[in-house]
>>> print(open('my_file.cif').read())   # mmCIF, C-alpha atoms and all ligand atoms
data_start
loop_
_atom_site.label_atom_id
_atom_site.label_comp_id
_atom_site.auth_asym_id
_atom_site.auth_seq_id
_atom_site.Cartn_x
_atom_site.Cartn_y
_atom_site.Cartn_z
CA MET A 12 -13.60 -22.73 -204.57
CA SER A 13 -12.60 -19.88 -206.92
CA MET A 14 -9.39 -17.95 -206.33
CA SER A 15 -11.23 -14.66 -205.93
CA ARG A 16 -13.40 -16.09 -203.15
CA VAL A 17 -10.37 -17.36 -201.30
CA GLU A 18 -8.65 -13.97 -201.54
CA LEU A 19 -11.73 -12.16 -200.31
CA CYS A 20 -11.87 -14.00 -197.05
CA LEU A 21 -8.13 -14.10 -196.39
CA PRO A 22 -6.47 -11.79 -193.87
CA SER A 23 -3.91 -9.38 -195.35
CA GLY A 24 -0.76 -11.44 -194.68
CA ALA A 25 -2.26 -14.51 -196.25
CA ILE A 26 -3.51 -12.53 -199.28
CA MET A 27 0.09 -11.48 -199.91
CA ALA A 28 1.18 -15.09 -199.82
CA HIS A 29 -1.53 -16.01 -202.33
CA LEU A 30 -0.81 -13.13 -204.72
CA GLU A 31 2.89 -13.94 -204.75
CA SER A 32 2.34 -17.64 -205.29
CA ASP A 33 2.87 -19.62 -208.44
CA PRO A 34 -0.34 -20.29 -210.46
CA MET A 35 0.78 -23.94 -210.58
CA LYS A 36 0.88 -24.17 -206.81
CA PRO A 37 -0.69 -27.18 -205.09
CA ALA A 38 -4.42 -27.20 -204.38
CA PHE A 39 -3.71 -27.38 -200.66
CA ASP A 40 -1.64 -25.30 -198.24
CA VAL A 41 -1.39 -28.04 -195.66
CA CYS A 42 -1.69 -31.81 -195.78
CA VAL A 43 -2.59 -33.40 -192.44
CA ARG A 44 -1.77 -37.11 -192.52
CA GLY A 45 -3.90 -39.16 -190.12
CA ALA A 46 -7.47 -38.49 -189.02
CA GLY A 47 -7.34 -39.50 -185.36
CA VAL A 48 -8.38 -36.97 -182.71
CA VAL A 49 -5.16 -34.96 -183.14
CA GLY A 50 -5.29 -34.97 -186.96
CA GLN A 51 -8.94 -33.90 -187.13
CA THR A 52 -8.43 -31.18 -184.51
CA MET A 53 -5.35 -29.96 -186.34
CA ALA A 54 -7.24 -29.79 -189.66
CA LEU A 55 -10.05 -27.73 -188.10
CA LEU A 56 -7.65 -25.35 -186.33
CA LEU A 57 -5.58 -24.72 -189.45
CA ALA A 58 -8.70 -24.21 -191.57
CA GLY A 59 -9.60 -21.57 -188.97
CA LEU A 60 -6.49 -19.69 -190.22
CA ARG A 61 -8.04 -19.78 -193.71
CA LEU A 62 -5.58 -22.43 -194.89
CA ARG A 63 -6.75 -25.03 -197.40
CA VAL A 64 -6.27 -28.39 -195.71
CA ALA A 65 -6.16 -31.92 -197.12
CA LEU A 66 -6.90 -34.43 -194.36
CA VAL A 67 -5.64 -37.92 -195.22
CA GLN A 68 -7.92 -40.60 -193.86
CA GLY A 69 -6.08 -43.86 -193.10
CA ASN A 70 -7.75 -47.25 -192.77
CA THR A 71 -10.97 -47.01 -190.78
CA PRO A 72 -10.80 -49.27 -187.71
CA SER A 73 -12.99 -52.37 -187.90
CA ALA A 74 -14.44 -51.88 -184.39
CA PRO A 75 -15.17 -48.75 -182.31
CA ASP A 76 -12.51 -47.70 -179.80
CA VAL A 77 -13.44 -49.03 -176.35
CA ARG A 78 -11.38 -46.38 -174.62
CA ALA A 79 -12.51 -43.14 -173.02
CA PHE A 80 -9.97 -40.36 -172.62
CA ALA A 81 -9.35 -38.24 -169.55
CA LEU A 82 -9.11 -34.72 -171.00
CA ASN A 83 -7.98 -31.68 -169.05
CA ALA A 84 -9.35 -28.13 -168.99
CA ALA A 85 -6.99 -26.95 -171.73
CA SER A 86 -8.17 -29.71 -174.11
CA ARG A 87 -11.77 -29.03 -173.20
CA ASN A 88 -11.43 -25.32 -174.00
CA LEU A 89 -9.87 -26.14 -177.35
CA LEU A 90 -12.58 -28.63 -178.32
CA GLN A 91 -15.29 -26.26 -177.11
CA GLU A 92 -13.86 -23.57 -179.35
CA LEU A 93 -14.30 -25.98 -182.27
CA ARG A 94 -17.81 -26.85 -181.05
CA CYS A 95 -16.77 -30.48 -180.79
CA TRP A 96 -17.04 -30.98 -177.03
CA PRO A 97 -19.54 -33.80 -176.39
CA GLU A 98 -22.71 -33.43 -174.32
CA PRO A 99 -22.26 -33.91 -170.51
CA ASP A 100 -23.36 -37.56 -170.69
CA HIS A 101 -20.43 -38.30 -173.03
CA ALA A 102 -17.93 -36.04 -171.26
CA THR A 103 -18.35 -36.96 -167.61
CA ALA A 104 -16.87 -34.49 -165.14
CA VAL A 105 -14.60 -36.09 -162.54
CA GLN A 106 -15.27 -34.47 -159.17
CA GLN A 107 -12.99 -36.70 -157.14
CA MET A 108 -10.07 -38.96 -157.78
CA ARG A 109 -9.00 -41.70 -155.38
CA VAL A 110 -5.62 -43.36 -155.81
CA TRP A 111 -4.34 -46.28 -153.72
CA GLY A 112 -0.72 -47.39 -153.47
CA ASP A 113 0.36 -51.02 -153.04
CA GLY A 114 0.94 -50.50 -149.31
CA GLY A 115 -2.59 -49.17 -148.72
CA ALA A 116 -1.73 -45.43 -148.68
CA GLN A 117 -4.34 -43.29 -150.38
CA VAL A 118 -4.36 -39.98 -152.21
CA HIS A 119 -7.66 -38.17 -152.52
CA LEU A 120 -7.98 -35.31 -155.03
CA GLU A 121 -11.01 -33.05 -155.24
CA ALA A 122 -12.07 -30.71 -158.01
CA PRO A 123 -11.19 -27.09 -157.19
CA ASN A 124 -14.50 -25.92 -158.71
CA PRO A 125 -17.93 -27.45 -159.47
CA GLN A 126 -16.98 -27.88 -163.13
CA GLY A 127 -14.63 -30.78 -162.39
CA LEU A 128 -11.07 -31.94 -162.13
CA THR A 129 -10.93 -33.55 -165.54
CA TRP A 130 -13.45 -35.03 -168.00
CA ILE A 131 -13.84 -38.59 -169.24
CA VAL A 132 -14.72 -38.36 -172.89
CA ASP A 133 -16.22 -41.18 -174.90
CA THR A 134 -13.71 -41.67 -177.74
CA PRO A 135 -16.05 -42.76 -180.61
CA ILE A 136 -18.42 -39.86 -179.78
CA LEU A 137 -15.56 -37.34 -179.86
CA LEU A 138 -14.30 -38.72 -183.18
CA ALA A 139 -17.81 -38.53 -184.64
CA GLN A 140 -18.23 -34.91 -183.50
CA LEU A 141 -14.92 -33.92 -185.06
CA ALA A 142 -15.82 -35.73 -188.31
CA GLN A 143 -19.13 -33.88 -188.43
CA ALA A 144 -17.44 -30.51 -187.90
CA ILE A 145 -15.07 -31.32 -190.75
CA GLN A 146 -18.02 -31.98 -193.06
CA TYR A 147 -19.15 -28.40 -192.48
CA GLN A 148 -15.67 -26.86 -192.90
CA ALA A 149 -15.31 -26.05 -196.61
CA LEU A 150 -11.56 -25.50 -196.31
CA VAL A 151 -10.93 -29.12 -195.23
CA SER A 152 -11.08 -31.89 -197.84
CA VAL A 153 -10.91 -35.47 -196.65
CA VAL A 154 -8.69 -37.30 -199.14
CA PRO A 155 -7.66 -40.96 -199.53
CA SER A 156 -3.93 -40.42 -200.05
CA ASN A 157 -1.17 -37.88 -199.38
CA GLU A 158 -1.38 -34.57 -201.24
CA SER A 159 1.34 -32.12 -202.16
CA ALA A 160 1.34 -29.03 -199.89
CA SER A 161 3.81 -26.49 -198.52
CA LEU A 162 3.43 -28.07 -195.11
CA THR A 163 2.70 -31.69 -194.17
CA VAL A 164 1.57 -32.27 -190.59
CA VAL A 165 2.12 -35.89 -189.60
CA CYS A 166 -0.54 -37.09 -187.13
CA GLU A 167 -0.34 -40.80 -187.93
CA GLY A 168 0.02 -42.06 -184.37
CA ARG A 169 2.83 -44.00 -182.79
CA HIS A 170 3.58 -46.26 -185.80
CA SER A 171 3.80 -43.36 -188.25
CA ALA A 172 5.29 -44.35 -191.61
CA SER A 173 5.76 -40.71 -192.68
CA ARG A 174 7.92 -40.08 -189.60
CA GLU A 175 10.18 -42.96 -190.63
CA GLN A 176 10.29 -41.79 -194.26
CA ALA A 177 11.25 -38.29 -193.16
CA GLY A 178 14.12 -39.75 -191.09
CA ALA A 179 13.00 -37.96 -187.93
CA GLY A 180 14.57 -40.54 -185.60
CA HIS A 181 12.46 -42.16 -182.88
CA GLU A 182 13.60 -43.21 -179.41
CA VAL A 183 11.45 -45.88 -177.82
CA LEU A 184 11.58 -47.11 -174.24
CA PRO A 185 9.18 -50.08 -174.04
CA TYR A 186 7.59 -50.77 -170.66
CA ASP A 187 7.14 -54.44 -169.98
CA GLN A 188 3.40 -53.79 -169.76
CA HIS A 189 0.28 -53.91 -171.88
CA ALA A 190 -2.85 -51.85 -171.21
CA LEU A 191 -6.12 -53.73 -171.32
CA ALA A 192 -9.12 -51.47 -171.94
CA ALA A 193 -12.86 -52.17 -171.90
CA ARG A 194 -16.19 -50.72 -170.79
CA VAL A 195 -18.01 -52.08 -167.74
CA ASP A 196 -21.47 -51.62 -166.23
CA CYS A 197 -21.34 -51.23 -162.46
CA ALA A 198 -23.88 -52.09 -159.78
CA LEU A 199 -23.31 -48.74 -158.03
CA PRO A 200 -23.27 -45.20 -159.47
CA HIS A 201 -19.76 -43.76 -159.61
CA GLN A 202 -20.90 -40.24 -158.51
CA GLY A 203 -18.22 -38.59 -160.62
CA GLN A 204 -15.36 -40.45 -158.95
CA ALA A 205 -12.33 -41.87 -160.76
CA PHE A 206 -10.40 -44.69 -159.10
CA GLN A 207 -6.87 -45.96 -159.52
CA TRP A 208 -4.98 -48.78 -157.81
CA PHE A 209 -1.26 -49.49 -157.99
CA GLN A 210 -0.91 -53.16 -157.06
CA HIS A 211 1.83 -55.76 -156.95
CA ASP A 212 0.88 -59.33 -157.76
CA GLN A 213 3.65 -61.96 -157.61
CA GLY A 214 6.25 -59.21 -158.00
CA GLU A 215 4.58 -57.65 -161.04
CA LEU A 216 3.09 -54.15 -161.12
CA GLY A 217 -0.56 -53.75 -162.14
CA ILE A 218 -2.24 -50.35 -162.45
CA LEU A 219 -6.02 -50.43 -162.61
CA ALA A 220 -8.01 -47.30 -163.43
CA LEU A 221 -11.81 -47.03 -163.48
CA LEU A 222 -12.99 -43.83 -165.16
CA PRO A 223 -16.59 -42.63 -164.72
CA MET A 224 -18.85 -42.47 -167.76
CA GLY A 225 -22.46 -41.64 -168.55
CA GLY A 226 -22.79 -38.41 -166.52
CA SER A 227 -22.46 -37.71 -162.81
CA MET A 228 -24.75 -40.52 -161.65
CA GLY A 229 -23.78 -42.94 -164.42
CA GLN A 230 -23.14 -46.59 -163.77
CA GLN A 231 -20.69 -47.22 -166.56
CA ALA A 232 -16.90 -47.01 -166.34
CA ALA A 233 -14.02 -47.21 -168.76
CA LEU A 234 -11.31 -49.44 -167.42
CA VAL A 235 -7.62 -49.26 -168.22
CA TRP A 236 -5.58 -52.03 -166.62
CA SER A 237 -1.81 -51.91 -167.17
CA LEU A 238 -0.25 -55.30 -166.55
CA SER A 239 2.58 -57.58 -167.61
CA PRO A 240 1.99 -58.66 -171.25
CA ALA A 241 1.32 -62.28 -170.19
CA ARG A 242 -1.24 -61.30 -167.52
CA ALA A 243 -2.95 -58.85 -169.89
CA GLN A 244 -3.34 -61.54 -172.54
CA GLN A 245 -4.61 -63.98 -169.90
CA LEU A 246 -7.26 -61.50 -168.70
CA LYS A 247 -8.24 -60.70 -172.27
CA ALA A 248 -8.76 -64.36 -173.17
CA MET A 249 -10.46 -65.30 -169.89
CA PRO A 250 -14.18 -66.20 -169.90
CA LYS A 251 -16.34 -63.13 -169.25
CA ALA A 252 -17.59 -64.18 -165.80
CA GLU A 253 -14.08 -65.00 -164.61
CA PHE A 254 -12.79 -61.64 -165.85
CA GLU A 255 -15.61 -59.78 -164.08
CA GLN A 256 -14.74 -61.61 -160.89
CA ALA A 257 -11.04 -60.68 -161.20
CA LEU A 258 -11.98 -57.04 -161.82
CA HIS A 259 -14.38 -56.94 -158.91
CA HIS A 260 -11.66 -58.31 -156.65
CA ALA A 261 -9.00 -55.86 -157.92
CA SER A 262 -11.32 -52.85 -157.53
CA HIS A 263 -12.12 -53.71 -153.89
CA ASP A 264 -15.88 -53.55 -154.44
CA GLN A 265 -15.81 -49.75 -154.90
CA LEU A 266 -18.47 -49.85 -157.63
CA GLY A 267 -20.10 -53.14 -156.68
CA ALA A 268 -20.34 -56.06 -159.09
CA MET A 269 -19.30 -55.32 -162.67
CA ARG A 270 -20.48 -56.60 -166.04
CA LEU A 271 -18.33 -56.40 -169.14
CA ALA A 272 -20.05 -54.11 -171.68
CA SER A 273 -17.58 -54.22 -174.59
CA GLU A 274 -14.79 -56.19 -176.20
CA ARG A 275 -11.45 -56.23 -174.39
CA HIS A 276 -8.51 -54.68 -176.27
CA THR A 277 -4.84 -54.45 -175.40
CA TRP A 278 -2.04 -51.98 -176.28
CA PRO A 279 1.69 -52.45 -175.66
CA LEU A 280 2.97 -49.53 -173.56
CA GLN A 281 5.99 -47.39 -174.20
CA MET A 282 7.55 -44.03 -173.70
CA ALA A 283 8.74 -42.65 -177.02
CA ARG A 284 9.78 -39.41 -178.62
CA ALA A 285 10.86 -38.33 -182.06
CA LEU A 286 14.29 -36.72 -182.12
CA GLN A 287 13.40 -34.21 -184.81
CA TRP A 288 9.88 -32.76 -184.96
CA CYS A 289 10.18 -30.76 -188.16
CA GLY A 290 12.22 -30.72 -191.36
CA THR A 291 12.21 -30.13 -195.08
CA TYR A 292 11.71 -32.58 -197.95
CA SER A 293 14.05 -32.44 -200.97
CA ASP A 294 11.48 -30.34 -202.91
CA GLY A 295 11.53 -27.60 -200.24
CA GLN A 296 8.14 -28.50 -198.73
CA ALA A 297 8.20 -28.97 -194.97
CA TRP A 298 6.92 -31.51 -192.46
CA VAL A 299 6.14 -31.42 -188.75
CA LEU A 300 5.09 -34.11 -186.31
CA ALA A 301 2.24 -33.89 -183.81
CA GLY A 302 0.43 -36.19 -181.37
CA ASP A 303 1.58 -39.76 -180.86
CA ALA A 304 3.69 -39.56 -184.03
CA ALA A 305 5.94 -37.21 -182.02
CA HIS A 306 5.62 -38.65 -178.50
CA SER A 307 3.93 -41.26 -176.39
CA VAL A 308 3.70 -41.72 -172.64
CA HIS A 309 2.38 -44.34 -170.22
CA PRO A 310 -1.42 -43.90 -169.86
CA LEU A 311 -1.26 -43.98 -166.05
CA ALA A 312 -1.81 -40.21 -165.86
CA GLY A 313 -4.14 -40.00 -168.90
CA LEU A 314 -2.06 -37.34 -170.60
CA GLY A 315 -1.11 -38.59 -174.10
CA LEU A 316 -3.98 -37.07 -176.04
CA ASN A 317 -3.89 -33.88 -173.98
CA LEU A 318 -0.30 -33.45 -175.14
CA GLY A 319 -1.30 -34.09 -178.76
CA LEU A 320 -4.05 -31.47 -178.56
CA ALA A 321 -1.54 -29.04 -177.05
CA ASP A 322 0.66 -29.69 -180.12
CA ALA A 323 -2.24 -28.74 -182.41
CA GLN A 324 -2.86 -25.57 -180.46
CA ALA A 325 0.85 -24.64 -180.48
CA LEU A 326 1.20 -25.16 -184.24
CA ARG A 327 -1.91 -23.10 -184.87
CA HIS A 328 -0.46 -20.35 -182.67
CA VAL A 329 2.89 -20.31 -184.46
CA LEU A 330 1.30 -20.29 -187.94
CA HIS A 331 -1.12 -17.58 -186.83
CA THR A 332 1.83 -15.21 -186.49
CA ARG A 333 1.98 -15.26 -190.33
CA GLN A 334 -1.08 -13.04 -190.21
CA GLY A 335 0.96 -10.41 -188.34
CA VAL A 336 4.67 -9.87 -187.83
CA ASN A 337 5.62 -13.00 -189.74
CA HIS A 338 3.40 -12.35 -192.79
CA TRP A 339 6.34 -12.77 -195.16
CA ARG A 340 7.25 -16.24 -193.91
CA GLY A 341 5.97 -19.28 -195.82
CA LEU A 342 4.26 -22.27 -194.28
CA ASN A 343 7.50 -24.18 -194.80
CA ASP A 344 9.54 -21.57 -192.94
CA ARG A 345 12.13 -23.39 -190.88
CA ARG A 346 12.34 -20.75 -188.20
CA LEU A 347 8.60 -20.89 -187.50
CA LEU A 348 8.53 -24.67 -187.43
CA ARG A 349 11.59 -24.87 -185.19
CA ARG A 350 9.82 -22.51 -182.80
CA TYR A 351 6.92 -24.97 -182.64
CA GLU A 352 9.35 -27.84 -182.05
CA ARG A 353 11.26 -26.09 -179.27
CA GLU A 354 8.10 -24.96 -177.51
CA ARG A 355 6.52 -28.39 -177.55
CA LYS A 356 9.63 -30.32 -176.61
CA ALA A 357 10.06 -28.05 -173.60
CA GLY A 358 6.38 -28.51 -172.69
CA MET A 359 6.74 -32.30 -172.86
CA TRP A 360 9.55 -32.68 -170.33
CA PRO A 361 7.54 -32.42 -167.08
CA THR A 362 5.08 -35.02 -168.37
CA TRP A 363 7.79 -37.43 -169.48
CA VAL A 364 9.54 -37.15 -166.16
CA ALA A 365 6.31 -37.49 -164.13
CA CYS A 366 4.83 -40.44 -166.08
CA ASP A 367 8.07 -42.37 -166.38
CA GLY A 368 9.10 -41.58 -162.80
CA LEU A 369 5.78 -42.77 -161.36
CA GLN A 370 5.82 -45.95 -163.45
CA ARG A 371 9.36 -46.77 -162.28
CA LEU A 372 8.70 -45.84 -158.66
CA PHE A 373 5.68 -48.15 -158.47
CA ALA A 374 7.27 -50.95 -160.54
CA HIS A 375 10.29 -51.27 -158.22
CA PRO A 376 9.95 -54.47 -156.17
CA HIS A 377 12.36 -53.57 -153.31
CA ALA A 378 10.81 -53.25 -149.82
CA LEU A 379 12.60 -49.96 -149.16
CA VAL A 380 11.14 -48.45 -152.32
CA LYS A 381 7.73 -49.69 -151.25
CA ASP A 382 8.18 -47.85 -147.92
CA LEU A 383 9.24 -44.74 -149.82
CA ARG A 384 6.06 -44.91 -151.95
CA GLN A 385 3.95 -45.26 -148.81
CA TRP A 386 5.67 -42.34 -147.17
CA GLY A 387 5.44 -40.20 -150.32
CA MET A 388 1.72 -40.83 -150.83
CA LYS A 389 0.84 -40.19 -147.18
CA ASN A 390 2.79 -36.93 -147.11
CA PHE A 391 1.48 -35.79 -150.47
CA ASP A 392 -2.08 -36.40 -149.30
CA ALA A 393 -1.41 -34.43 -146.11
CA ILE A 394 -0.19 -31.25 -147.86
CA PRO A 395 -3.23 -29.57 -149.46
CA PRO A 396 -1.25 -26.70 -151.13
CA LEU A 397 0.98 -29.25 -152.90
CA LYS A 398 -2.09 -31.20 -154.05
CA GLN A 399 -3.69 -27.99 -155.33
CA TRP A 400 -0.55 -27.14 -157.27
CA VAL A 401 -0.41 -30.60 -158.89
CA ILE A 402 -4.11 -30.37 -159.76
CA GLN A 403 -3.59 -26.98 -161.41
CA GLN A 404 -0.64 -28.29 -163.44
CA ALA A 405 -2.57 -31.36 -164.61
CA MET A 406 -5.59 -29.25 -165.59
CA GLN A 407 -3.43 -27.13 -167.88
C1 LIG A 501 -5.14 -47.72 -173.10
C2 LIG A 501 -4.87 -46.28 -173.36
C3 LIG A 501 -5.54 -45.30 -172.64
C4 LIG A 501 -5.29 -43.95 -172.88
N1 LIG A 501 -5.95 -43.02 -172.13
C5 LIG A 501 -5.69 -41.71 -172.34
C6 LIG A 501 -6.36 -40.72 -171.56
O1 LIG A 501 -7.17 -41.03 -170.68
N2 LIG A 501 -6.09 -39.41 -171.82
C7 LIG A 501 -5.20 -39.04 -172.75
O2 LIG A 501 -4.97 -37.83 -172.93
N3 LIG A 501 -4.56 -39.96 -173.51
C8 LIG A 501 -4.78 -41.28 -173.32
N4 LIG A 501 -4.13 -42.21 -174.09
C9 LIG A 501 -3.22 -41.75 -175.16
C10 LIG A 501 -4.03 -41.48 -176.44
O3 LIG A 501 -4.67 -42.66 -176.83
C11 LIG A 501 -3.12 -41.03 -177.56
O4 LIG A 501 -2.22 -40.06 -177.10
C12 LIG A 501 -3.96 -40.43 -178.70
O5 LIG A 501 -4.88 -41.37 -179.18
C13 LIG A 501 -3.05 -39.97 -179.84
O6 LIG A 501 -3.84 -39.47 -180.87
P1 LIG A 501 -3.23 -39.31 -182.33
O7 LIG A 501 -4.33 -38.72 -183.15
O8 LIG A 501 -1.91 -38.65 -182.27
O9 LIG A 501 -2.90 -40.81 -182.81
P2 LIG A 501 -3.91 -41.99 -183.11
O10 LIG A 501 -5.06 -41.98 -182.18
O11 LIG A 501 -3.05 -43.23 -183.14
O12 LIG A 501 -4.46 -41.69 -184.58
C14 LIG A 501 -3.63 -41.79 -185.71
C15 LIG A 501 -4.50 -41.88 -186.94
O13 LIG A 501 -3.68 -41.89 -188.10
C16 LIG A 501 -4.09 -42.92 -188.98
N5 LIG A 501 -2.92 -43.32 -189.79
C17 LIG A 501 -1.87 -44.09 -189.44
N6 LIG A 501 -1.00 -44.20 -190.46
C18 LIG A 501 -1.52 -43.48 -191.48
C19 LIG A 501 -1.08 -43.18 -192.80
N7 LIG A 501 0.08 -43.67 -193.27
N8 LIG A 501 -1.85 -42.39 -193.57
C20 LIG A 501 -3.02 -41.87 -193.09
N9 LIG A 501 -3.49 -42.11 -191.86
C21 LIG A 501 -2.74 -42.90 -191.06
C22 LIG A 501 -4.62 -44.01 -188.06
O14 LIG A 501 -5.50 -44.87 -188.76
C23 LIG A 501 -5.33 -43.17 -187.01
O15 LIG A 501 -6.62 -42.85 -187.43
C24 LIG A 501 -4.35 -43.56 -173.86
C25 LIG A 501 -3.66 -44.54 -174.59
C26 LIG A 501 -3.90 -45.89 -174.32
C27 LIG A 501 -3.14 -46.93 -175.12
#
>>> encode(input="my_file.cif", output="structure tokens")
Amino acid sequence: MSMSRVELCLPSGAIMAHLESDPMKPAFDVCVRGAGVVGQTMALLLAGLRLRVALVQGNTPSAPDVRAFALNAASRNLLQELRCWPEPDHATAVQQMRVWGDGGAQVHLEAPNPQGLTWIVDTPILLAQLAQAIQYQALVSVVPSNESASLTVVCEGRHSASREQAGAGHEVLPYDQHALAARVDCALPHQGQAFQWFQHDQGELGILALLPMGGSMGQQAALVWSLSPARAQQLKAMPKAEFEQALHHASHDQLGAMRLASERHTWPLQMARALQWCGTYSDGQAWVLAGDAAHSVHPLAGLGLNLGLADAQALRHVLHTRQGVNHWRGLNDRRLLRRYERERKAGMWPTWVACDGLQRLFAHPHALVKDLRQWGMKNFDAIPPLKQWVIQQAMQ
């Protein structure tokens, strides 16, 4: 793209930045490292600010992701803005959520409006839609390796090498659990219901979630089963029929008999956070972290990706101020990037506390704690205004 064309379509603040810049300046303003959902979304959002983005594609996975993500209204709005929200059959609206505790107490959540409580999005479809949008965005170039740019946005996921190289510091609290994920075909339609069971088996916590897929009357579900590492490996290696039987038993026949419709994959679970989310390299260029490179949480509340998408939106918002009051600040401006860091760290706290607190509360084997869980669930279910408040928070 010629320089004159870039200047023509730039807003005034950005034109200033271009006119003042060195003719030897890098070909890209921003380098986004990692092309997962967060990286691709980030690249599209920053290109929307007329920034020239290099998107570094890592190794392509050998098999499609078997997971489906529960995405909230805020994530949905963001992806709709990018025209990357999948069709209703691939983004199933959850109308009701039923959660059972290990003592039999139940919490029943209903969508506050006909649109839904949350949406279960088919991961490979979402990735494909984002990749297609990127093909049509001339300001994003997909590149095989890291490029020089004023700002590097690290979206490499939880094992990010760039985060380590930058010396960001990373605190990890491993849970003694692995999540087993797969797709299943069910004998009965799910009718837009999501199910979750907290169970204790021989003193070990298991959390089984069945998430509806394939539209409101679909008969497919994405399962996420968090278990001790040994039990998860056992279920993964088990013959198909035996696994289906174990799943049917654990899901109390809610969706009838189930047939495995994909490979089974496992992920070790952890809560983690980077200590520093932004900084400067020795050459004066800056870096920031986003998505799982910055934080990860237990999937029991289906919030990890929602948080990563909120990071992308927050960084876009902060950098957008360069088109107004902050027009004189560079993309590597420490004050701007620290603002992003502070905002997102503060936004993360309630989720960390809720996810970790719930995991610990349900993992505790003591009988008194079990009674407390029972009591808490019953009372929570009996106070509609409290349920409405929690629903509103989760949707945002
Ligand atoms: C079982 C399970 C279920 C989950 N369910 C939900 C849910 O329902 N809802 C929800 O919101 N969240 C959920 N999560 C969390 C969600 O998966 C993550 O938060 C989300 O995938 C993070 O996205 P990301 O783009 O930051 O990282 P990733 O998805 O890990 O993507 C990182 C990308 O960077 C690439 N990469 C890595 N290193 C490099 C490098 N050096 N150079 C270039 N590229 C690189 C990788 O190949 C990958 O493509 C779940 C997690 C698990 C384990």
>>> closest_residue(input="my_file.cif", among="A:Ala54, A:Ala198, A:Leu120, A:Ala79", to="ligand LIG 501 (chain A)", atoms="all atoms listed in the file")
A:Ala79
>>> residues_around(input="my_file.cif", residues="Arg270 of chain A", least_positions_apart="5", cutoff="8 Å", atoms="only C-alpha atoms", output="list in words")
Val195, Asp196, Cys197 and Glu255 of chain A
>>> atom_distance(input="my_file.cif", atom1="atom CA of Met249 of chain A", atom2="atom CA of Tyr186 of chain A")
23.2 Å
>>> residues_near_ligand(input="my_file.cif", ligand="ligand LIG 501 (chain A)", cutoff="6 Å", atoms="only C-alpha atoms and all ligand atoms", output="number ranges by chain")
A: 44-50, 67-70, 80-82, 166-169, 171-172, 190, 192, 235, 278, 302-304, 310, 313-317, 319
>>> atom_distance(input="my_file.cif", atom1="atom CA of Arg242 of chain A", atom2="atom CA of Arg78 of chain A")
19.4 Å
>>> atom_distance(input="my_file.cif", atom1="atom CA of Pro223 of chain A", atom2="atom CA of His119 of chain A")
15.8 Å
>>> residues_around(input="my_file.cif", residues="segment 345-359 of chain A", least_positions_apart="4", cutoff="9 Å", atoms="all atoms listed in the file", output="number ranges by chain")
A: 287-291, 297-300, 306, 318, 321-322, 325-326, 328-330, 332, 337, 340-341, 363-364
>>> closest_residue(input="my_file.cif", among="A:Arg94, A:Lys398, A:His101, A:His181", to="Leu56 of chain A", atoms="only C-alpha atoms")
A:Arg94
>>> closest_residue(input="my_file.cif", among="A:Leu141, A:Leu320, A:Ile402, A:Leu216", to="Asn88 of chain A", atoms="all atoms listed in the file")
A:Leu320
>>> closest_residue(input="my_file.cif", among="A:Leu57, A:Ala139, A:Thr103, A:Gln117", to="Phe391 of chain A", atoms="all atoms listed in the file")
A:Gln117
>>> closest_residue(input="my_file.cif", among="A:Pro395, A:Gly203, A:Gly217, A:Gly226", to="Asp113 of chain A", atoms="all atoms listed in the file")
A:Gly217
>>> closest_residue(input="my_file.cif", among="A:Leu93, A:Ala142, A:Val164, A:Leu342", to="Ala305 of chain A", atoms="only C-alpha atoms")
A:Val164
>>> residues_near_point(input="my_file.cif", point="(-19.3, -27.6, -156.4)", cutoff="12 Å", atoms="all atoms listed in the file", output="tab-separated table (two decimals) with C-alpha atoms, keeping the file's coordinate frame")
chain	number	residue	atom	x	y	z
A	104	ALA	CA	-16.87	-34.49	-165.14
A	105	VAL	CA	-14.60	-36.09	-162.54
A	106	GLN	CA	-15.27	-34.47	-159.17
A	107	GLN	CA	-12.99	-36.70	-157.14
A	121	GLU	CA	-11.01	-33.05	-155.24
A	122	ALA	CA	-12.07	-30.71	-158.01
A	123	PRO	CA	-11.19	-27.09	-157.19
A	124	ASN	CA	-14.50	-25.92	-158.71
A	125	PRO	CA	-17.93	-27.45	-159.47
A	126	GLN	CA	-16.98	-27.88	-163.13
A	127	GLY	CA	-14.63	-30.78	-162.39
A	128	LEU	CA	-11.07	-31.94	-162.13
A	203	GLY	CA	-18.22	-38.59	-160.62
>>> residues_around(input="my_file.cif", residues="Asp294 of chain A", least_positions_apart="4", cutoff="12 Å", atoms="only C-alpha atoms", output="PyMOL selection string")
chain A and resi 159-162+290+298+343
